[in-house]
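To be precise, the following lines are my_file-v4.cif, and they hold mmCIF, N, CA and C atoms.
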data_final
#
loop_
_atom_site.group_PDB
_atom_site.id
_atom_site.type_symbol
_atom_site.label_atom_id
_atom_site.label_comp_id
_atom_site.auth_asym_id
_atom_site.auth_seq_id
_atom_site.Cartn_x
_atom_site.Cartn_y
_atom_site.Cartn_z
ATOM 1 N N MET A 135 93.024 104.170 -27.539
ATOM 2 C CA MET A 135 94.347 103.643 -27.776
ATOM 3 C C MET A 135 94.811 102.767 -26.624
ATOM 4 N N GLY A 136 94.407 103.110 -25.407
ATOM 5 C CA GLY A 136 94.813 102.340 -24.248
ATOM 6 C C GLY A 136 94.263 100.922 -24.267
ATOM 7 N N GLN A 137 93.048 100.760 -24.771
ATOM 8 C CA GLN A 137 92.423 99.428 -24.822
ATOM 9 C C GLN A 137 93.162 98.524 -25.807
ATOM 10 N N LYS A 138 93.569 99.055 -26.941
ATOM 11 C CA LYS A 138 94.314 98.255 -27.926
ATOM 12 C C LYS A 138 95.679 97.868 -27.379
ATOM 13 N N LEU A 139 96.293 98.753 -26.633
ATOM 14 C CA LEU A 139 97.585 98.457 -26.034
ATOM 15 C C LEU A 139 97.450 97.331 -25.004
ATOM 16 N N LYS A 140 96.381 97.354 -24.218
ATOM 17 C CA LYS A 140 96.132 96.289 -23.244
ATOM 18 C C LYS A 140 95.888 94.953 -23.932
ATOM 19 N N MET A 141 95.141 94.964 -25.025
ATOM 20 C CA MET A 141 94.883 93.730 -25.756
ATOM 21 C C MET A 141 96.168 93.178 -26.358
ATOM 22 N N MET A 142 97.011 94.047 -26.914
ATOM 23 C CA MET A 142 98.263 93.591 -27.488
ATOM 24 C C MET A 142 99.179 93.040 -26.388
ATOM 25 N N PHE A 143 99.213 93.685 -25.246
ATOM 26 C CA PHE A 143 100.017 93.198 -24.132
ATOM 27 C C PHE A 143 99.521 91.832 -23.663
ATOM 28 N N ALA A 144 98.203 91.641 -23.600
ATOM 29 C CA ALA A 144 97.659 90.347 -23.187
ATOM 30 C C ALA A 144 98.033 89.250 -24.180
ATOM 31 N N ILE A 145 97.968 89.540 -25.464
ATOM 32 C CA ILE A 145 98.328 88.546 -26.478
ATOM 33 C C ILE A 145 99.815 88.216 -26.395
ATOM 34 N N ILE A 146 100.642 89.227 -26.183
ATOM 35 C CA ILE A 146 102.081 88.978 -26.042
ATOM 36 C C ILE A 146 102.355 88.136 -24.803
ATOM 37 N N MET A 147 101.690 88.420 -23.702
ATOM 38 C CA MET A 147 101.896 87.650 -22.470
ATOM 39 C C MET A 147 101.432 86.203 -22.640
ATOM 40 N N ILE A 148 100.311 85.995 -23.302
ATOM 41 C CA ILE A 148 99.830 84.632 -23.538
ATOM 42 C C ILE A 148 100.818 83.880 -24.430
ATOM 43 N N GLY A 149 101.349 84.537 -25.439
ATOM 44 C CA GLY A 149 102.354 83.913 -26.286
ATOM 45 C C GLY A 149 103.614 83.574 -25.511
ATOM 46 N N PHE A 150 104.042 84.468 -24.648
ATOM 47 C CA PHE A 150 105.229 84.216 -23.826
ATOM 48 C C PHE A 150 105.003 83.056 -22.866
ATOM 49 N N ILE A 151 103.842 83.012 -22.247
ATOM 50 C CA ILE A 151 103.515 81.912 -21.338
ATOM 51 C C ILE A 151 103.476 80.595 -22.103
ATOM 52 N N GLY A 152 102.919 80.605 -23.310
ATOM 53 C CA GLY A 152 102.909 79.403 -24.141
ATOM 54 C C GLY A 152 104.313 78.958 -24.496
ATOM 55 N N PHE A 153 105.185 79.914 -24.779
ATOM 56 C CA PHE A 153 106.585 79.586 -25.076
ATOM 57 C C PHE A 153 107.244 78.928 -23.870
ATOM 58 N N ILE A 154 107.040 79.487 -22.704
ATOM 59 C CA ILE A 154 107.626 78.934 -21.478
ATOM 60 C C ILE A 154 107.079 77.533 -21.222
ATOM 61 N N LEU A 155 105.778 77.340 -21.379
ATOM 62 C CA LEU A 155 105.198 76.012 -21.164
ATOM 63 C C LEU A 155 105.750 74.996 -22.159
ATOM 64 N N GLY A 156 105.944 75.401 -23.401
ATOM 65 C CA GLY A 156 106.528 74.504 -24.385
ATOM 66 C C GLY A 156 107.962 74.139 -24.046
ATOM 67 N N ALA A 157 108.729 75.121 -23.577
ATOM 68 C CA ALA A 157 110.110 74.846 -23.175
ATOM 69 C C ALA A 157 110.152 73.907 -21.979
ATOM 70 N N VAL A 158 109.248 74.102 -21.026
ATOM 71 C CA VAL A 158 109.191 73.214 -19.858
ATOM 72 C C VAL A 158 108.792 71.804 -20.278
ATOM 73 N N ALA A 159 107.832 71.681 -21.168
ATOM 74 C CA ALA A 159 107.411 70.359 -21.635
ATOM 75 C C ALA A 159 108.562 69.651 -22.348
ATOM 76 N N ASN A 160 109.311 70.390 -23.154
ATOM 77 C CA ASN A 160 110.459 69.800 -23.841
ATOM 78 C C ASN A 160 111.511 69.364 -22.835
ATOM 79 N N PHE A 161 111.804 70.189 -21.846
ATOM 80 C CA PHE A 161 112.785 69.832 -20.823
ATOM 81 C C PHE A 161 112.345 68.585 -20.061
ATOM 82 N N LEU A 162 111.068 68.538 -19.706
ATOM 83 C CA LEU A 162 110.571 67.357 -18.998
ATOM 84 C C LEU A 162 110.701 66.110 -19.853
ATOM 85 N N TYR A 163 110.380 66.229 -21.126
ATOM 86 C CA TYR A 163 110.421 65.069 -22.009
ATOM 87 C C TYR A 163 111.857 64.616 -22.277
ATOM 88 N N VAL A 164 112.774 65.548 -22.423
ATOM 89 C CA VAL A 164 114.142 65.196 -22.796
ATOM 90 C C VAL A 164 114.994 64.844 -21.581
ATOM 91 N N GLN A 165 114.829 65.541 -20.461
ATOM 92 C CA GLN A 165 115.725 65.374 -19.329
ATOM 93 C C GLN A 165 115.120 64.564 -18.182
ATOM 94 N N VAL A 166 113.928 64.915 -17.759
ATOM 95 C CA VAL A 166 113.369 64.353 -16.525
ATOM 96 C C VAL A 166 112.761 62.976 -16.750
ATOM 97 N N PHE A 167 111.929 62.826 -17.753
ATOM 98 C CA PHE A 167 111.228 61.558 -17.940
ATOM 99 C C PHE A 167 112.137 60.381 -18.282
ATOM 100 N N PRO A 168 113.219 60.565 -19.035
ATOM 101 C CA PRO A 168 114.124 59.424 -19.224
ATOM 102 C C PRO A 168 114.733 58.925 -17.915
ATOM 103 N N ALA A 169 115.041 59.841 -17.011
ATOM 104 C CA ALA A 169 115.570 59.424 -15.708
ATOM 105 C C ALA A 169 114.508 58.663 -14.914
ATOM 106 N N ILE A 170 113.277 59.121 -14.989
ATOM 107 C CA ILE A 170 112.194 58.436 -14.267
ATOM 108 C C ILE A 170 111.923 57.070 -14.882
ATOM 109 N N THR A 171 112.007 56.960 -16.203
ATOM 110 C CA THR A 171 111.761 55.664 -16.831
ATOM 111 C C THR A 171 112.840 54.649 -16.479
ATOM 112 N N GLU A 172 114.058 55.125 -16.198
ATOM 113 C CA GLU A 172 115.094 54.200 -15.737
ATOM 114 C C GLU A 172 114.822 53.723 -14.321
ATOM 115 N N ILE A 173 114.253 54.595 -13.506
ATOM 116 C CA ILE A 173 113.955 54.226 -12.118
ATOM 117 C C ILE A 173 112.719 53.332 -12.052
ATOM 118 N N PHE A 174 111.676 53.687 -12.800
ATOM 119 C CA PHE A 174 110.415 52.933 -12.811
ATOM 120 C C PHE A 174 110.106 52.436 -14.220
ATOM 121 N N PRO A 175 110.794 51.439 -14.726
ATOM 122 C CA PRO A 175 110.607 51.044 -16.132
ATOM 123 C C PRO A 175 109.241 50.421 -16.416
ATOM 124 N N GLN A 176 108.640 49.723 -15.466
ATOM 125 C CA GLN A 176 107.351 49.079 -15.731
ATOM 126 C C GLN A 176 106.219 50.103 -15.838
ATOM 127 N N ILE A 177 106.273 51.117 -14.992
ATOM 128 C CA ILE A 177 105.184 52.095 -14.983
ATOM 129 C C ILE A 177 105.220 52.960 -16.235
ATOM 130 N N PHE A 178 106.417 53.374 -16.619
ATOM 131 C CA PHE A 178 106.537 54.305 -17.734
ATOM 132 C C PHE A 178 106.976 53.625 -19.026
ATOM 133 N N ALA A 179 106.637 52.378 -19.197
ATOM 134 C CA ALA A 179 107.018 51.671 -20.415
ATOM 135 C C ALA A 179 106.247 52.195 -21.622
ATOM 136 N N SER A 180 105.027 52.628 -21.417
ATOM 137 C CA SER A 180 104.212 53.152 -22.513
ATOM 138 C C SER A 180 104.476 54.642 -22.685
ATOM 139 N N GLU A 181 104.689 55.041 -23.915
ATOM 140 C CA GLU A 181 104.980 56.441 -24.195
ATOM 141 C C GLU A 181 103.767 57.335 -23.963
ATOM 142 N N TRP A 182 102.561 56.791 -24.110
ATOM 143 C CA TRP A 182 101.366 57.612 -23.940
ATOM 144 C C TRP A 182 101.200 58.058 -22.494
ATOM 145 N N ILE A 183 101.756 57.326 -21.538
ATOM 146 C CA ILE A 183 101.663 57.739 -20.137
ATOM 147 C C ILE A 183 102.470 59.024 -19.923
ATOM 148 N N ILE A 184 103.644 59.088 -20.537
ATOM 149 C CA ILE A 184 104.474 60.290 -20.404
ATOM 150 C C ILE A 184 103.754 61.501 -20.983
ATOM 151 N N TRP A 185 103.175 61.333 -22.164
ATOM 152 C CA TRP A 185 102.450 62.455 -22.772
ATOM 153 C C TRP A 185 101.190 62.787 -21.991
ATOM 154 N N GLY A 186 100.593 61.802 -21.364
ATOM 155 C CA GLY A 186 99.427 62.070 -20.511
ATOM 156 C C GLY A 186 99.792 62.928 -19.316
ATOM 157 N N PHE A 187 100.912 62.598 -18.667
ATOM 158 C CA PHE A 187 101.370 63.418 -17.545
ATOM 159 C C PHE A 187 101.757 64.823 -18.000
ATOM 160 N N THR A 188 102.373 64.921 -19.155
ATOM 161 C CA THR A 188 102.733 66.234 -19.684
ATOM 162 C C THR A 188 101.482 67.053 -19.972
ATOM 163 N N GLY A 189 100.493 66.436 -20.573
ATOM 164 C CA GLY A 189 99.238 67.142 -20.851
ATOM 165 C C GLY A 189 98.515 67.562 -19.590
ATOM 166 N N ALA A 190 98.513 66.690 -18.578
ATOM 167 C CA ALA A 190 97.872 67.041 -17.311
ATOM 168 C C ALA A 190 98.585 68.221 -16.652
ATOM 169 N N PHE A 191 99.923 68.190 -16.688
ATOM 170 C CA PHE A 191 100.691 69.293 -16.118
ATOM 171 C C PHE A 191 100.387 70.600 -16.851
ATOM 172 N N LEU A 192 100.367 70.554 -18.175
ATOM 173 C CA LEU A 192 100.090 71.753 -18.955
ATOM 174 C C LEU A 192 98.672 72.265 -18.725
ATOM 175 N N ALA A 193 97.711 71.365 -18.584
ATOM 176 C CA ALA A 193 96.334 71.781 -18.338
ATOM 177 C C ALA A 193 96.209 72.493 -16.996
ATOM 178 N N VAL A 194 96.847 71.944 -15.977
ATOM 179 C CA VAL A 194 96.798 72.581 -14.659
ATOM 180 C C VAL A 194 97.519 73.927 -14.694
ATOM 181 N N ALA A 195 98.667 73.971 -15.355
ATOM 182 C CA ALA A 195 99.412 75.228 -15.447
ATOM 183 C C ALA A 195 98.609 76.288 -16.192
ATOM 184 N N CYS A 196 97.963 75.900 -17.275
ATOM 185 C CA CYS A 196 97.154 76.870 -18.039
ATOM 186 C C CYS A 196 95.973 77.369 -17.223
ATOM 187 N N CYS A 197 95.339 76.491 -16.473
ATOM 188 C CA CYS A 197 94.229 76.918 -15.626
ATOM 189 C C CYS A 197 94.691 77.885 -14.540
ATOM 190 N N LEU A 198 95.840 77.606 -13.942
ATOM 191 C CA LEU A 198 96.375 78.503 -12.920
ATOM 192 C C LEU A 198 96.744 79.860 -13.513
ATOM 193 N N ILE A 199 97.335 79.848 -14.689
ATOM 194 C CA ILE A 199 97.695 81.110 -15.335
ATOM 195 C C ILE A 199 96.437 81.896 -15.688
ATOM 196 N N TYR A 200 95.424 81.204 -16.191
ATOM 197 C CA TYR A 200 94.168 81.883 -16.540
ATOM 198 C C TYR A 200 93.514 82.481 -15.298
ATOM 199 N N ALA A 201 93.582 81.758 -14.191
ATOM 200 C CA ALA A 201 92.970 82.246 -12.961
ATOM 201 C C ALA A 201 93.722 83.473 -12.431
ATOM 202 N N LEU A 202 95.005 83.573 -12.708
ATOM 203 C CA LEU A 202 95.794 84.685 -12.199
ATOM 204 C C LEU A 202 95.768 85.920 -13.104
ATOM 205 N N LEU A 203 95.264 85.773 -14.338
ATOM 206 C CA LEU A 203 95.193 86.923 -15.235
ATOM 207 C C LEU A 203 94.150 87.916 -14.721
ATOM 208 N N PRO A 204 94.419 89.219 -14.911
ATOM 209 C CA PRO A 204 93.453 90.234 -14.424
ATOM 210 C C PRO A 204 92.197 90.262 -15.236
#
Take the structure I supplied and represent it as structure tokens, if you would.
Amino acid sequence: MGQKLKMMFAIIMIGFIGFILGAVANFLYVQVFPAITEIFPQIFASEWIIWGFTGAFLAVACCLIYALLP
């Protein structure tokens, strides 16, 4: 029974971490990146650059979270 409880806890934690990462990505897209595009309009003129930075951030965050899991 203890092993199933650990597996369920791990799945819940992964879901919670995914929720937090999604909320952070939304906040970055809605609040932070528009301010940056006003400051640097030439660099961030393409929308794919913003999503590229978001994906890179999420990839690094997921790797760090995976490395910290027991």
- Item | Neighbour list for Ala159 (chain A) as a list in words, cut-off 9 Å, only C-alpha atoms, skip fewer than 2 positions in-chain | Ile154, Leu155, Gly156, Ala157, Phe161, Leu162, Tyr163, Val164, Thr188, Gly189, Phe191 and Leu192 of chain A
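Atom C of Thr171 (chain A) to CA of Phe187 (chain A) spans 14.5 Å [interatomic distance, one decimal].
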- Enter the distance from atom N of Lys140 (chain A) to CA of Cys197 (chain A), in Å, rounded to one decimal.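 Result for atom N of Lys140 (chain A) versus CA of Cys197 (chain A): 22.3 Å, one decimal.
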- Query: Which one of A:Phe153, A:Met142, A:Ile184, A:Met147 sits closest to Phe167 (chain A) if you count only N, CA and C atoms?
  - Reply: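 Using only N, CA and C atoms, Phe167 (chain A) sits closest to A:Ile184.
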- Task: Take atom C of Trp182 (chain A) and CA of Asn160 (chain A) and report the distance between them in Å, one decimal.
- Result: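 If I compute the distance from atom C of Trp182 (chain A) to CA of Asn160 (chain A), I get 15.0 Å.
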Per-axis box centre and lengths in Å around region 158-177 of chain A, 4 Å margin per side, axis-aligned, as JSON:
{"center_x": 110.5, "center_y": 61.6, "center_z": -17.9, "size_x": 18.5, "size_y": 33.0, "size_z": 19.8}
- as number ranges by chain, please: all residues of chain A that backbone DSSP puts in alpha helix (DSSP H). A: 136-161, 167-173, 181-202
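Residues in contact range of Tyr200 (chain A), defined as at most 12 Å between only C-alpha atoms, with sequence neighbours fewer than 6 positions away removed, read Ala144, Met147, Ile148, Ile151, Gly152, Leu192, Ala193 and Val194 of chain A.
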From the coordinates I just gave you, please extract region 136-196 of chain A so that only C-alpha atoms remain, then output it as a PDB file, in the first residue's frame.
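Saved the output as decode-v6.pdb:
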ATOM      1  CA  GLY A 136       2.880   2.354   0.724  1.00  0.00           C
ATOM      2  CA  GLN A 137       4.255   2.039  -2.816  1.00  0.00           C
ATOM      3  CA  LYS A 138       0.909   2.991  -4.392  1.00  0.00           C
ATOM      4  CA  LEU A 139       0.645   5.974  -2.078  1.00  0.00           C
ATOM      5  CA  LYS A 140       4.125   7.136  -3.141  1.00  0.00           C
ATOM      6  CA  MET A 141       3.228   6.768  -6.812  1.00  0.00           C
ATOM      7  CA  MET A 142       0.002   8.725  -6.352  1.00  0.00           C
ATOM      8  CA  PHE A 143       1.871  11.450  -4.463  1.00  0.00           C
ATOM      9  CA  ALA A 144       4.461  11.670  -7.260  1.00  0.00           C
ATOM     10  CA  ILE A 145       1.743  12.009  -9.910  1.00  0.00           C
ATOM     11  CA  ILE A 146      -0.018  14.694  -7.872  1.00  0.00           C
ATOM     12  CA  MET A 147       3.256  16.596  -7.408  1.00  0.00           C
ATOM     13  CA  ILE A 148       4.070  16.404 -11.125  1.00  0.00           C
ATOM     14  CA  GLY A 149       0.587  17.693 -11.925  1.00  0.00           C
ATOM     15  CA  PHE A 150       0.983  20.530  -9.433  1.00  0.00           C
ATOM     16  CA  ILE A 151       4.384  21.468 -10.845  1.00  0.00           C
ATOM     17  CA  GLY A 152       2.890  21.443 -14.350  1.00  0.00           C
ATOM     18  CA  PHE A 153       0.096  23.721 -13.158  1.00  0.00           C
ATOM     19  CA  ILE A 154       2.599  26.154 -11.652  1.00  0.00           C
ATOM     20  CA  LEU A 155       4.723  26.136 -14.817  1.00  0.00           C
ATOM     21  CA  GLY A 156       1.648  26.822 -16.937  1.00  0.00           C
ATOM     22  CA  ALA A 157       0.630  29.709 -14.692  1.00  0.00           C
ATOM     23  CA  VAL A 158       4.152  31.151 -14.878  1.00  0.00           C
ATOM     24  CA  ALA A 159       4.200  30.823 -18.668  1.00  0.00           C
ATOM     25  CA  ASN A 160       0.845  32.602 -18.889  1.00  0.00           C
ATOM     26  CA  PHE A 161       2.048  35.388 -16.583  1.00  0.00           C
ATOM     27  CA  LEU A 162       5.209  35.817 -18.628  1.00  0.00           C
ATOM     28  CA  TYR A 163       3.256  35.927 -21.867  1.00  0.00           C
ATOM     29  CA  VAL A 164       0.568  38.323 -20.635  1.00  0.00           C
ATOM     30  CA  GLN A 165       2.514  40.637 -18.307  1.00  0.00           C
ATOM     31  CA  VAL A 166       6.280  40.484 -18.807  1.00  0.00           C
ATOM     32  CA  PHE A 167       6.810  39.986 -22.531  1.00  0.00           C
ATOM     33  CA  PRO A 168       4.588  42.881 -23.659  1.00  0.00           C
ATOM     34  CA  ALA A 169       6.682  45.212 -21.507  1.00  0.00           C
ATOM     35  CA  ILE A 170       9.879  43.797 -22.997  1.00  0.00           C
ATOM     36  CA  THR A 171       8.537  44.135 -26.537  1.00  0.00           C
ATOM     37  CA  GLU A 172       7.899  47.826 -25.889  1.00  0.00           C
ATOM     38  CA  ILE A 173      11.475  48.270 -24.700  1.00  0.00           C
ATOM     39  CA  PHE A 174      13.071  46.140 -27.457  1.00  0.00           C
ATOM     40  CA  PRO A 175      10.604  46.165 -30.380  1.00  0.00           C
ATOM     41  CA  GLN A 176      13.069  45.022 -33.071  1.00  0.00           C
ATOM     42  CA  ILE A 177      14.290  41.970 -31.187  1.00  0.00           C
ATOM     43  CA  PHE A 178      10.888  40.723 -30.112  1.00  0.00           C
ATOM     44  CA  ALA A 179       8.928  41.617 -33.229  1.00  0.00           C
ATOM     45  CA  SER A 180       8.454  37.944 -34.103  1.00  0.00           C
ATOM     46  CA  GLU A 181       6.042  36.035 -31.920  1.00  0.00           C
ATOM     47  CA  TRP A 182       7.992  32.788 -32.310  1.00  0.00           C
ATOM     48  CA  ILE A 183      10.919  34.301 -30.385  1.00  0.00           C
ATOM     49  CA  ILE A 184       8.696  34.830 -27.343  1.00  0.00           C
ATOM     50  CA  TRP A 185       7.448  31.250 -27.480  1.00  0.00           C
ATOM     51  CA  GLY A 186      11.012  30.046 -27.979  1.00  0.00           C
ATOM     52  CA  PHE A 187      12.132  31.780 -24.796  1.00  0.00           C
ATOM     53  CA  THR A 188       9.112  30.415 -22.959  1.00  0.00           C
ATOM     54  CA  GLY A 189       9.882  26.896 -24.149  1.00  0.00           C
ATOM     55  CA  ALA A 190      13.540  27.215 -23.188  1.00  0.00           C
ATOM     56  CA  PHE A 191      12.564  28.444 -19.727  1.00  0.00           C
ATOM     57  CA  LEU A 192      10.104  25.580 -19.270  1.00  0.00           C
ATOM     58  CA  ALA A 193      12.642  23.009 -20.470  1.00  0.00           C
ATOM     59  CA  VAL A 194      15.252  24.217 -17.995  1.00  0.00           C
ATOM     60  CA  ALA A 195      12.690  24.359 -15.189  1.00  0.00           C
ATOM     61  CA  CYS A 196      11.484  20.823 -15.937  1.00  0.00           C
TER      62      CYS A 196
END
